[in-house]
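Encoded as structure tokens, the structure appears first; notes follow it.
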Amino acid sequence: ERHSMFEGFPFKCKLSATYIFGENFFEQHFSVENCSGINMPCALGFHSAFAIPQKLNVHGVGNRIELLAPRYLATGREVPWQDGFEPNVWCDPTKIWPFGHLKTENQPFAELKYDKFVVKYIPDRKFQYFMVWRKIDEFDYICVEPMNIKIGTFENAPDELPVLQAGSKE
């Protein structure tokens, strides 16, 4: 509470992560507990980086959310897909535009095809958005990032942020 950041986010909370490793799988379980006496906005996303695959398929619906350079902030507008990426279609990740944000439906997932195997990335259904990101002009890795909010919600629609009730855990 004495840290300067507490003034901007005045909520006591506890974050917990559990990792399970199996022969052909990896699971991450993450929980948030609101330890404060007031309701707390609770937006989560994971910065999941993968070695660049041969092909990429991200399950999604609709258009992408517009991001404006140079800071790539979200406008909230939906615009058509461009530059080599389209949801539900296998694409070459080295040819896609560096940023893409999309909505999923039902069970979100992404697939990354490598030479001898496919990685299927399946977040919880609460994560109904994906950000697909790669560094401009670098092709060593790609980030497929599940999020529980639409990009730009903080700036464009803060009243739509998910809320964790005082004293509850999710």
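For the structure tokens, the naming scheme is as follows: chains receive sequential letters (A, B, ...) according to their order of presentation, residues are indexed from 1 within each chain, and ligands are indexed from 1 in presentation order.
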
Per residue of region 87-106 of chain A within 9 Å of region 120-134 of chain A, record the nearest atom pair and its distance in Å to one decimal, counting only C-alpha atoms, with rows in chain order and ascending residue number, as CSV.
residue,atom,partner,partner_atom,distance
A:Pro93,CA,A:Arg134,CA,8.6
A:Thr94,CA,A:Arg134,CA,8.7
A:Ile96,CA,A:Arg134,CA,8.8
A:Trp97,CA,A:Arg134,CA,8.2
A:Pro98,CA,A:Arg134,CA,5.0
A:Phe99,CA,A:Trp133,CA,4.7
A:Gly100,CA,A:Val132,CA,5.0
A:His101,CA,A:Met131,CA,4.4
A:Leu102,CA,A:Phe130,CA,5.4
A:Lys103,CA,A:Tyr129,CA,4.4
A:Thr104,CA,A:Gln128,CA,5.1
A:Glu105,CA,A:Gln128,CA,6.6
A:Asn106,CA,A:Arg125,CA,6.9

May I have the residues from that selection written out with all heavy atoms, as a CSV table (one decimal), in the first residue's frame?
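Dumped to out.csv:
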chain,number,residue,atom,x,y,z
A,93,PRO,N,2.9,-16.8,-40.7
A,93,PRO,CA,3.1,-15.8,-39.7
A,93,PRO,C,4.1,-14.7,-40.0
A,93,PRO,O,4.1,-13.6,-39.4
A,93,PRO,CB,3.4,-16.5,-38.4
A,93,PRO,CG,3.9,-17.8,-38.8
A,93,PRO,CD,3.3,-18.1,-40.1
A,94,THR,N,5.0,-15.0,-40.9
A,94,THR,CA,6.0,-14.0,-41.3
A,94,THR,C,5.5,-13.0,-42.3
A,94,THR,O,6.1,-12.0,-42.6
A,94,THR,CB,7.3,-14.7,-42.0
A,94,THR,OG1,6.9,-15.3,-43.2
A,94,THR,CG2,7.9,-15.7,-41.0
A,96,ILE,N,2.2,-11.7,-42.0
A,96,ILE,CA,1.0,-11.0,-41.4
A,96,ILE,C,1.5,-9.6,-40.9
A,96,ILE,O,2.6,-9.4,-40.5
A,96,ILE,CB,0.3,-11.8,-40.3
A,96,ILE,CG1,1.2,-12.0,-39.1
A,96,ILE,CG2,-0.2,-13.1,-40.9
A,96,ILE,CD1,0.4,-12.6,-37.9
A,97,TRP,N,0.5,-8.7,-40.8
A,97,TRP,CA,0.7,-7.4,-40.2
A,97,TRP,C,1.1,-7.6,-38.8
A,97,TRP,O,0.6,-8.6,-38.1
A,97,TRP,CB,-0.6,-6.7,-40.3
A,97,TRP,CG,-0.5,-5.2,-40.0
A,97,TRP,CD1,0.2,-4.3,-40.7
A,97,TRP,CD2,-1.2,-4.5,-39.0
A,97,TRP,NE1,0.0,-3.0,-40.1
A,97,TRP,CE2,-0.9,-3.2,-39.1
A,97,TRP,CE3,-2.1,-4.9,-38.0
A,97,TRP,CZ2,-1.4,-2.2,-38.2
A,97,TRP,CZ3,-2.6,-4.0,-37.1
A,97,TRP,CH2,-2.2,-2.6,-37.2
A,98,PRO,N,2.0,-6.8,-38.2
A,98,PRO,CA,2.5,-7.1,-36.8
A,98,PRO,C,1.4,-7.1,-35.7
A,98,PRO,O,1.7,-7.7,-34.7
A,98,PRO,CB,3.5,-5.9,-36.6
A,98,PRO,CG,3.8,-5.5,-38.0
A,98,PRO,CD,2.6,-5.7,-38.8
A,99,PHE,N,0.3,-6.5,-35.9
A,99,PHE,CA,-0.7,-6.5,-34.8
A,99,PHE,C,-2.1,-7.0,-35.3
A,99,PHE,O,-2.5,-6.5,-36.4
A,99,PHE,CB,-0.9,-5.1,-34.2
A,99,PHE,CG,0.4,-4.6,-33.6
A,99,PHE,CD1,1.2,-3.8,-34.4
A,99,PHE,CD2,0.7,-4.8,-32.3
A,99,PHE,CE1,2.4,-3.3,-33.8
A,99,PHE,CE2,1.8,-4.3,-31.7
A,99,PHE,CZ,2.7,-3.5,-32.5
A,100,GLY,N,-2.8,-7.7,-34.5
A,100,GLY,CA,-4.2,-8.0,-34.9
A,100,GLY,C,-4.9,-8.4,-33.6
A,100,GLY,O,-4.4,-9.1,-32.8
A,101,HIS,N,-6.1,-7.8,-33.4
A,101,HIS,CA,-6.9,-8.1,-32.2
A,101,HIS,C,-8.2,-8.6,-32.7
A,101,HIS,O,-8.9,-7.9,-33.5
A,101,HIS,CB,-7.0,-6.8,-31.4
A,101,HIS,CG,-7.8,-7.0,-30.1
A,101,HIS,ND1,-7.2,-7.6,-29.0
A,101,HIS,CD2,-9.0,-6.7,-29.7
A,101,HIS,CE1,-8.1,-7.7,-28.0
A,101,HIS,NE2,-9.2,-7.1,-28.5
A,102,LEU,N,-8.7,-9.7,-32.1
A,102,LEU,CA,-9.9,-10.3,-32.6
A,102,LEU,C,-10.7,-10.9,-31.5
A,102,LEU,O,-10.2,-11.2,-30.4
A,102,LEU,CB,-9.7,-11.3,-33.7
A,102,LEU,CG,-8.9,-12.6,-33.2
A,102,LEU,CD1,-9.4,-13.8,-34.0
A,102,LEU,CD2,-7.4,-12.4,-33.5
A,103,LYS,N,-12.0,-11.0,-31.7
A,103,LYS,CA,-12.9,-11.6,-30.8
A,103,LYS,C,-13.1,-13.1,-31.2
A,103,LYS,O,-13.0,-13.5,-32.3
A,103,LYS,CB,-14.3,-10.9,-30.9
A,103,LYS,CG,-15.3,-11.5,-29.9
A,103,LYS,CD,-16.5,-10.6,-29.7
A,103,LYS,CE,-17.5,-11.2,-28.8
A,103,LYS,NZ,-17.1,-12.0,-27.7
A,104,THR,N,-13.3,-13.9,-30.1
A,104,THR,CA,-13.5,-15.3,-30.4
A,104,THR,C,-14.9,-15.6,-30.0
A,104,THR,O,-15.6,-14.8,-29.4
A,104,THR,CB,-12.5,-16.2,-29.5
A,104,THR,OG1,-12.8,-16.0,-28.1
A,104,THR,CG2,-11.1,-15.8,-29.8
A,105,GLU,N,-15.4,-16.8,-30.2
A,105,GLU,CA,-16.7,-17.2,-29.7
A,105,GLU,C,-16.6,-18.7,-29.3
A,105,GLU,O,-15.7,-19.4,-29.6
A,105,GLU,CB,-17.8,-17.1,-30.8
A,105,GLU,CG,-17.6,-18.0,-32.0
A,105,GLU,CD,-18.7,-17.8,-33.1
A,105,GLU,OE1,-19.6,-16.9,-32.9
A,105,GLU,OE2,-18.6,-18.5,-34.1
A,106,ASN,N,-17.5,-19.1,-28.4
A,106,ASN,CA,-17.5,-20.4,-27.8
A,106,ASN,C,-16.2,-20.7,-27.2
A,106,ASN,O,-15.8,-20.0,-26.3
A,106,ASN,CB,-17.9,-21.4,-28.9
A,106,ASN,CG,-19.2,-21.2,-29.5
A,106,ASN,OD1,-20.1,-20.8,-28.8
A,106,ASN,ND2,-19.3,-21.3,-30.8

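Backbone DSSP of region 76-113 of chain A yields strand (DSSP E or B) at Gly76, Arg77, Glu78, Val79, Cys91, Phe99, Gly100, His101, Leu102, Lys103, Ala110, Glu111, Leu112 and Lys113 of chain A.
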
Go ahead and write the residues just picked, N, CA, C and O atoms, as a short mmCIF file (atom, residue, chain, number, x, y, z; two decimals), in the first residue's frame.
data_model
loop_
_atom_site.label_atom_id
_atom_site.label_comp_id
_atom_site.auth_asym_id
_atom_site.auth_seq_id
_atom_site.Cartn_x
_atom_site.Cartn_y
_atom_site.Cartn_z
N GLY A 76 -11.25 1.44 -31.11
CA GLY A 76 -12.55 0.87 -30.83
C GLY A 76 -13.31 0.50 -32.09
O GLY A 76 -14.28 -0.25 -32.04
N ARG A 77 -12.85 1.00 -33.24
CA ARG A 77 -13.50 0.69 -34.53
C ARG A 77 -13.09 -0.70 -35.00
O ARG A 77 -11.95 -1.11 -34.84
N GLU A 78 -14.03 -1.38 -35.65
CA GLU A 78 -13.70 -2.65 -36.30
C GLU A 78 -13.44 -2.35 -37.76
O GLU A 78 -14.19 -1.63 -38.42
N VAL A 79 -12.35 -2.91 -38.28
CA VAL A 79 -11.96 -2.72 -39.67
C VAL A 79 -11.64 -4.08 -40.28
O VAL A 79 -11.35 -5.04 -39.56
N CYS A 91 -2.26 -19.36 -41.93
CA CYS A 91 -1.50 -18.32 -42.62
C CYS A 91 -0.02 -18.44 -42.29
O CYS A 91 0.37 -19.11 -41.34
N PHE A 99 0.26 -6.54 -35.89
CA PHE A 99 -0.71 -6.54 -34.81
C PHE A 99 -2.08 -6.96 -35.33
O PHE A 99 -2.47 -6.55 -36.41
N GLY A 100 -2.79 -7.72 -34.54
CA GLY A 100 -4.17 -8.05 -34.87
C GLY A 100 -4.90 -8.38 -33.59
O GLY A 100 -4.40 -9.12 -32.75
N HIS A 101 -6.07 -7.82 -33.39
CA HIS A 101 -6.87 -8.08 -32.20
C HIS A 101 -8.23 -8.58 -32.66
O HIS A 101 -8.87 -7.95 -33.49
N LEU A 102 -8.66 -9.71 -32.14
CA LEU A 102 -9.91 -10.29 -32.61
C LEU A 102 -10.72 -10.88 -31.49
O LEU A 102 -10.20 -11.22 -30.43
N LYS A 103 -12.01 -11.00 -31.74
CA LYS A 103 -12.93 -11.62 -30.80
C LYS A 103 -13.07 -13.09 -31.17
O LYS A 103 -13.00 -13.46 -32.33
N ALA A 110 -6.01 -21.25 -30.56
CA ALA A 110 -5.08 -20.94 -31.64
C ALA A 110 -4.25 -22.19 -31.88
O ALA A 110 -4.04 -23.00 -30.98
N GLU A 111 -3.81 -22.36 -33.13
CA GLU A 111 -2.97 -23.49 -33.49
C GLU A 111 -1.70 -22.98 -34.15
O GLU A 111 -1.76 -22.08 -34.99
N LEU A 112 -0.58 -23.56 -33.76
CA LEU A 112 0.71 -23.20 -34.33
C LEU A 112 1.32 -24.48 -34.89
O LEU A 112 1.56 -25.44 -34.14
N LYS A 113 1.53 -24.52 -36.20
CA LYS A 113 2.05 -25.73 -36.87
C LYS A 113 3.55 -25.62 -37.06
O LYS A 113 4.05 -24.69 -37.70
#

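Using only C-alpha atoms for every distance, the candidate list A:Lys95, A:Gln107, A:Glu66, A:Pro87 yields A:Lys95 as the residue closest to Asp137 (chain A).
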
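Shortest atom-to-atom contact with Val32 (chain A) among A:Phe50, A:Phe154, A:Phe11, A:Tyr114: A:Phe11, counting only C-alpha atoms.
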
Q | Nearest-residue call for Glu138 (chain A), choices A:Ala43, A:Ile52, A:Cys35, A:Ile20, using only C-alpha atoms | A | A:Ile52

(Q) Calculated over only C-alpha atoms, which of the candidates A:Lys116, A:Lys135, A:Lys14, A:Lys150 has the smallest distance to Met40 (chain A)? (A)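 Going through A:Lys116, A:Lys135, A:Lys14, A:Lys150 one by one, the smallest distance to Met40 (chain A) is for A:Lys14.
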
(Q) So that I can see what lies close to Glu86 (chain A), please list as a PyMOL selection string the residues with an atom at most 10 Å from it, counting only C-alpha atoms and leaving out residues fewer than 5 positions away in the same chain. (A) chain A and resi 57-64+80-81+91+96+100+102

What would the file look like if the residues just selected were written as a short mmCIF file (atom, residue, chain, number, x, y, z; two decimals), in the first residue's frame with N, CA and C atoms?
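Generated file (again_13.cif):
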data_model
loop_
_atom_site.label_atom_id
_atom_site.label_comp_id
_atom_site.auth_asym_id
_atom_site.auth_seq_id
_atom_site.Cartn_x
_atom_site.Cartn_y
_atom_site.Cartn_z
N ASN A 57 -3.02 -20.51 -37.11
CA ASN A 57 -4.47 -20.43 -37.27
C ASN A 57 -5.05 -19.97 -35.94
N VAL A 58 -5.72 -18.84 -35.93
CA VAL A 58 -6.35 -18.33 -34.72
C VAL A 58 -7.85 -18.30 -34.95
N HIS A 59 -8.58 -18.99 -34.08
CA HIS A 59 -10.04 -19.07 -34.20
C HIS A 59 -10.64 -17.75 -33.75
N GLY A 60 -11.46 -17.15 -34.59
CA GLY A 60 -12.08 -15.88 -34.23
C GLY A 60 -13.23 -15.54 -35.14
N VAL A 61 -13.88 -14.43 -34.83
CA VAL A 61 -15.03 -13.97 -35.61
C VAL A 61 -14.90 -12.48 -35.88
N GLY A 62 -15.53 -12.06 -36.95
CA GLY A 62 -15.63 -10.63 -37.24
C GLY A 62 -14.36 -9.99 -37.74
N ASN A 63 -14.36 -8.68 -37.69
CA ASN A 63 -13.23 -7.88 -38.15
C ASN A 63 -12.21 -7.68 -37.02
N ARG A 64 -11.11 -7.03 -37.36
CA ARG A 64 -10.10 -6.74 -36.34
C ARG A 64 -10.39 -5.37 -35.74
N PRO A 80 -11.70 -4.20 -41.61
CA PRO A 80 -11.42 -5.49 -42.25
C PRO A 80 -9.99 -5.97 -42.00
N TRP A 81 -9.83 -7.28 -42.08
CA TRP A 81 -8.49 -7.87 -41.96
C TRP A 81 -7.69 -7.50 -43.18
N CYS A 91 -2.26 -19.36 -41.93
CA CYS A 91 -1.50 -18.32 -42.62
C CYS A 91 -0.02 -18.44 -42.29
N ILE A 96 2.17 -11.71 -41.95
CA ILE A 96 1.02 -10.99 -41.42
C ILE A 96 1.45 -9.63 -40.87
N GLY A 100 -2.79 -7.72 -34.54
CA GLY A 100 -4.17 -8.05 -34.87
C GLY A 100 -4.90 -8.38 -33.59
N LEU A 102 -8.66 -9.71 -32.14
CA LEU A 102 -9.91 -10.29 -32.61
C LEU A 102 -10.72 -10.88 -31.49
#

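The residue set within 10 Å of Phe30 (chain A), counting only C-alpha atoms and dropping same-chain residues fewer than 4 places from it, reads Leu15, Ser16, Ala17, Thr18, Tyr19, Leu44 and Glu170 of chain A.
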
Q) Interatomic distance between CA of Gln28 (chain A) and CA of Asn88 (chain A)? A)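 Interatomic distance here is 24.4 Å.
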
Q. Interatomic distance between CA of Pro162 (chain A) and CA of Met147 (chain A)?
A.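 Separating CA of Pro162 (chain A) from CA of Met147 (chain A) is a distance of 11.6 Å.
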
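Note that CA of Cys13 (chain A) and CA of Gly45 (chain A) are 16.5 Å apart.
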
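Among the candidates A:Leu67, A:Arg2, A:Glu27, A:Ala74, the residue lying nearest to Glu155 (chain A) is A:Ala74 (atoms considered: only C-alpha atoms).
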
(Q) Which residues are near Ile38 (chain A)? Cut-off 8 Å, only C-alpha atoms, ignore same chain within fewer than 3 positions. Put them as a list in words. (A)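 In the requested format, the answer is Phe11, Gln165, Ala166 and Gly167 of chain A.
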
Those residues you just picked out, can you put them in a file as a CSV table (one decimal), in the first residue's frame with N, CA, C and O atoms?
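As a result, selection.csv now contains:
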chain,number,residue,atom,x,y,z
A,11,PHE,N,-6.4,-1.2,-4.7
A,11,PHE,CA,-7.0,-2.5,-4.4
A,11,PHE,C,-6.0,-3.5,-3.9
A,11,PHE,O,-5.0,-3.7,-4.5
A,165,GLN,N,-15.9,-8.8,-7.4
A,165,GLN,CA,-16.6,-8.3,-6.2
A,165,GLN,C,-15.7,-8.3,-5.0
A,165,GLN,O,-14.8,-9.1,-4.9
A,166,ALA,N,-15.9,-7.4,-4.1
A,166,ALA,CA,-15.1,-7.3,-2.8
A,166,ALA,C,-15.1,-8.6,-2.1
A,166,ALA,O,-16.1,-9.2,-1.9
A,167,GLY,N,-13.9,-9.1,-1.8
A,167,GLY,CA,-13.7,-10.3,-1.0
A,167,GLY,C,-13.9,-11.6,-1.8
A,167,GLY,O,-13.8,-12.7,-1.3
